[in-house]
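So the structure is just underneath, and the comments pick up after that.
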Amino acid sequence: MRRWYEPRRDRPDLERSAIRKRGFVGYMDMLWREFFELLKLNLLFVLSCVPIITIPAALTAMHRITSVMVRDENHFLWPDYWKAFRRDFWKSLGGGAAIAAVMALFVLSTVFYYNLMQVNKVFVLLAGFAACVVLLTLCVSFYFFPMLAMVDLPLGALLKNSMALVFGNIGKTLLALLLFALLIGLGVGLLPYSFIFAALIMFSFVASITTYLTYPAIEARVMRRELYQTLPQQEQPEVQLRSAGLDELRFEDDETEENAEN
């Protein structure tokens, strides 16, 4: 949501690159613009996670909002959040359960093989492999929830695309993983001192970072859209496609008969 102090898109003396920033500067520009919105989003996310079973849907809804922030488009926090929450609830639950099950299984495997390393050194390799699968599954979630929030695809296709994008966008994926581990690690490891940080902004802040790093790949490779358009948004034609019902179809013969009656 734009503020009065931001440059207007319709100013002829400003180029597109002066408005749409990229990299670290682009993220800081988004954070400056959306900081108070992230505070509200974090609180909404925490409250909607209370029943536990709603955590996947809450993650999808939160990434819906952060994806719109990354695209620098207007949104209405309360209705947009709950619309995505309700619309994708069951698909979020299925995908979230699959991701959580894989992570739980391989976390237990990592601990199990780690405890056996003194018995045989081969268990070091098995523990390392299990730990890598845990990290890979976490990286898949970085793409899965924003993609689910923005694209209408079957659950299997979402998981498959997420896996492919992890390796297709490996540089940004590893950076997202590093920042995720750092911020979540600090937030959880410093409890209870970090309680205010966790309650106010930690989850939405981390989601905004991972979405900022992963969403361009989703947009370019899945949504088949130009990442940065050359025209200002006001000049882009708005096209809406929908399927017509049989009663809405009109044929040339029908129009001829209607004209004859008139």
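The chains in the structure tokens are called A, B, ... from first to last as shown; in each chain the residues are counted from 1, and the ligands are counted from 1 in the order shown.
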(message) as a ChimeraX atom specification, please: the residues near Ile65 in chain A (cut-off 8 Å, only C-alpha atoms, same-chain neighbours under 5 positions excluded).
(response) /A:75,77,80-81
(request) Within 8 Å of range 152-167 of chain A, counting only C-alpha atoms, which residues show up once you throw out same-chain ones fewer than 3 positions away? Write them as a list in words, please. (result)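 Skipping anything fewer than 3 positions along the chain leaves Lys91, Gly94, Gly95, Leu136, Cys139, Val140, Ser141, Tyr143, Phe144, Met147, Leu148, Ile170, Thr173, Ala217, Ile218 and Val222 of chain A.
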(message) What's around range 88-90 of chain A at 10 Å? Count only C-alpha atoms, leave out sequence neighbours fewer than 5 positions away in its own chain, and write the answer as a list of chain:residue names.
(response)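 Result of the neighbour search: A:Thr54, A:Ile55, A:Pro56, A:Ala57, A:Ala58, A:Thr60, A:Ala61, A:Trp82, A:Lys83, A:Gly95, A:Gly96, A:Leu148, A:Ala149, A:Asp152.
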(request) Going by DSSP on the backbone, which bits of range 17-235 of chain A are helix (DSSP H, G or I)? Write them as an NGL selection string, please. (result) :A and (17-19 or 23-48 or 55-70 or 77-87 or 89-115 or 122-150 or 155-168 or 170-189 or 195-221 or 233-235)
(request) Go through A:Met150, A:Met223, A:Phe205, A:Leu213 and flag the residue nearest Leu31 in chain A, using only C-alpha atoms for the distances. (result)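 Ranked by minimum distance to Leu31 in chain A, first place goes to A:Phe205.
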(message) Would you compute the distance between CA of Leu125 in chain A and CA of Ser109 in chain A? Give it in Å to one decimal.
(response)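 Between CA of Leu125 in chain A and CA of Ser109 in chain A the gap works out to 11.7 Å.
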What's around Ile209 in chain A at 9 Å? Count only C-alpha atoms, leave out sequence neighbours fewer than 3 positions away in its own chain, and write the answer as an mmCIF file with N, CA, C and O atoms, in the first residue's frame.
```cif
data_model
loop_
_atom_site.group_PDB
_atom_site.id
_atom_site.type_symbol
_atom_site.label_atom_id
_atom_site.label_comp_id
_atom_site.auth_asym_id
_atom_site.auth_seq_id
_atom_site.Cartn_x
_atom_site.Cartn_y
_atom_site.Cartn_z
ATOM 1 N N TYR A 27 14.263 -4.890 -1.252
ATOM 2 C CA TYR A 27 13.604 -5.455 -0.071
ATOM 3 C C TYR A 27 13.435 -4.412 1.028
ATOM 4 O O TYR A 27 12.379 -4.343 1.675
ATOM 5 N N THR A 66 2.223 -11.684 1.604
ATOM 6 C CA THR A 66 3.606 -11.298 1.314
ATOM 7 C C THR A 66 3.901 -11.354 -0.188
ATOM 8 O O THR A 66 4.705 -10.562 -0.692
ATOM 9 N N ALA A 176 17.750 -17.917 1.140
ATOM 10 C CA ALA A 176 16.517 -17.948 1.927
ATOM 11 C C ALA A 176 16.643 -18.918 3.102
ATOM 12 O O ALA A 176 16.199 -18.624 4.218
ATOM 13 N N LEU A 179 18.952 -17.296 5.845
ATOM 14 C CA LEU A 179 18.280 -16.239 6.602
ATOM 15 C C LEU A 179 17.157 -16.802 7.468
ATOM 16 O O LEU A 179 16.941 -16.345 8.596
ATOM 17 N N PHE A 180 16.454 -17.793 6.942
ATOM 18 C CA PHE A 180 15.402 -18.449 7.721
ATOM 19 C C PHE A 180 15.986 -19.078 8.983
ATOM 20 O O PHE A 180 15.464 -18.885 10.097
ATOM 21 N N SER A 204 6.019 -13.057 10.075
ATOM 22 C CA SER A 204 5.746 -12.310 8.845
ATOM 23 C C SER A 204 7.020 -11.735 8.252
ATOM 24 O O SER A 204 7.163 -11.635 7.024
ATOM 25 N N PHE A 205 7.971 -11.360 9.102
ATOM 26 C CA PHE A 205 9.249 -10.835 8.630
ATOM 27 C C PHE A 205 10.018 -11.915 7.865
ATOM 28 O O PHE A 205 10.526 -11.678 6.760
ATOM 29 N N VAL A 206 10.100 -13.115 8.433
ATOM 30 C CA VAL A 206 10.779 -14.224 7.764
ATOM 31 C C VAL A 206 10.053 -14.592 6.469
ATOM 32 O O VAL A 206 10.680 -14.845 5.435
ATOM 33 N N TYR A 212 10.282 -12.835 -0.939
ATOM 34 C CA TYR A 212 10.999 -11.896 -1.807
ATOM 35 C C TYR A 212 12.067 -12.604 -2.627
ATOM 36 O O TYR A 212 12.315 -12.256 -3.787
ATOM 37 N N LEU A 213 12.693 -13.628 -2.038
ATOM 38 C CA LEU A 213 13.762 -14.349 -2.721
ATOM 39 C C LEU A 213 13.235 -15.417 -3.676
ATOM 40 O O LEU A 213 13.877 -15.706 -4.691
ATOM 41 N N THR A 214 12.097 -16.018 -3.368
ATOM 42 C CA THR A 214 11.617 -17.155 -4.158
ATOM 43 C C THR A 214 10.508 -16.806 -5.138
ATOM 44 O O THR A 214 10.346 -17.496 -6.150
#
```
(message) For a quick check of understanding, using only C-alpha atoms, which of A:Val25, A:Met30, A:Asn42, A:Met117 has the smallest distance to Ala198 in chain A?
(response)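 With only C-alpha atoms as the atom set, the closest residue is A:Asn42.
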(request) State, in Å with one decimal place, the distance from CA of Thr110 in chain A to CA of Thr137 in chain A. (result)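 CA of Thr137 in chain A lies 13.9 Å from CA of Thr110 in chain A.
Nearest to Trp32 in chain A of all the residues A:Ile53, A:Met69, A:Glu219, A:Thr210 is A:Met69, counting only C-alpha atoms.
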(message) One decimal, in Å: what's the spacing between CA of Val102 in chain A and CA of Cys132 in chain A?
(response)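 Separation of CA of Val102 in chain A and CA of Cys132 in chain A: 11.9 Å.
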(message) I need the residue nearest Ser208 in chain A from this list: A:Leu43, A:Ile52, A:Val70, A:Ala98. Use only C-alpha atoms for the distance.
(response) A:Val70
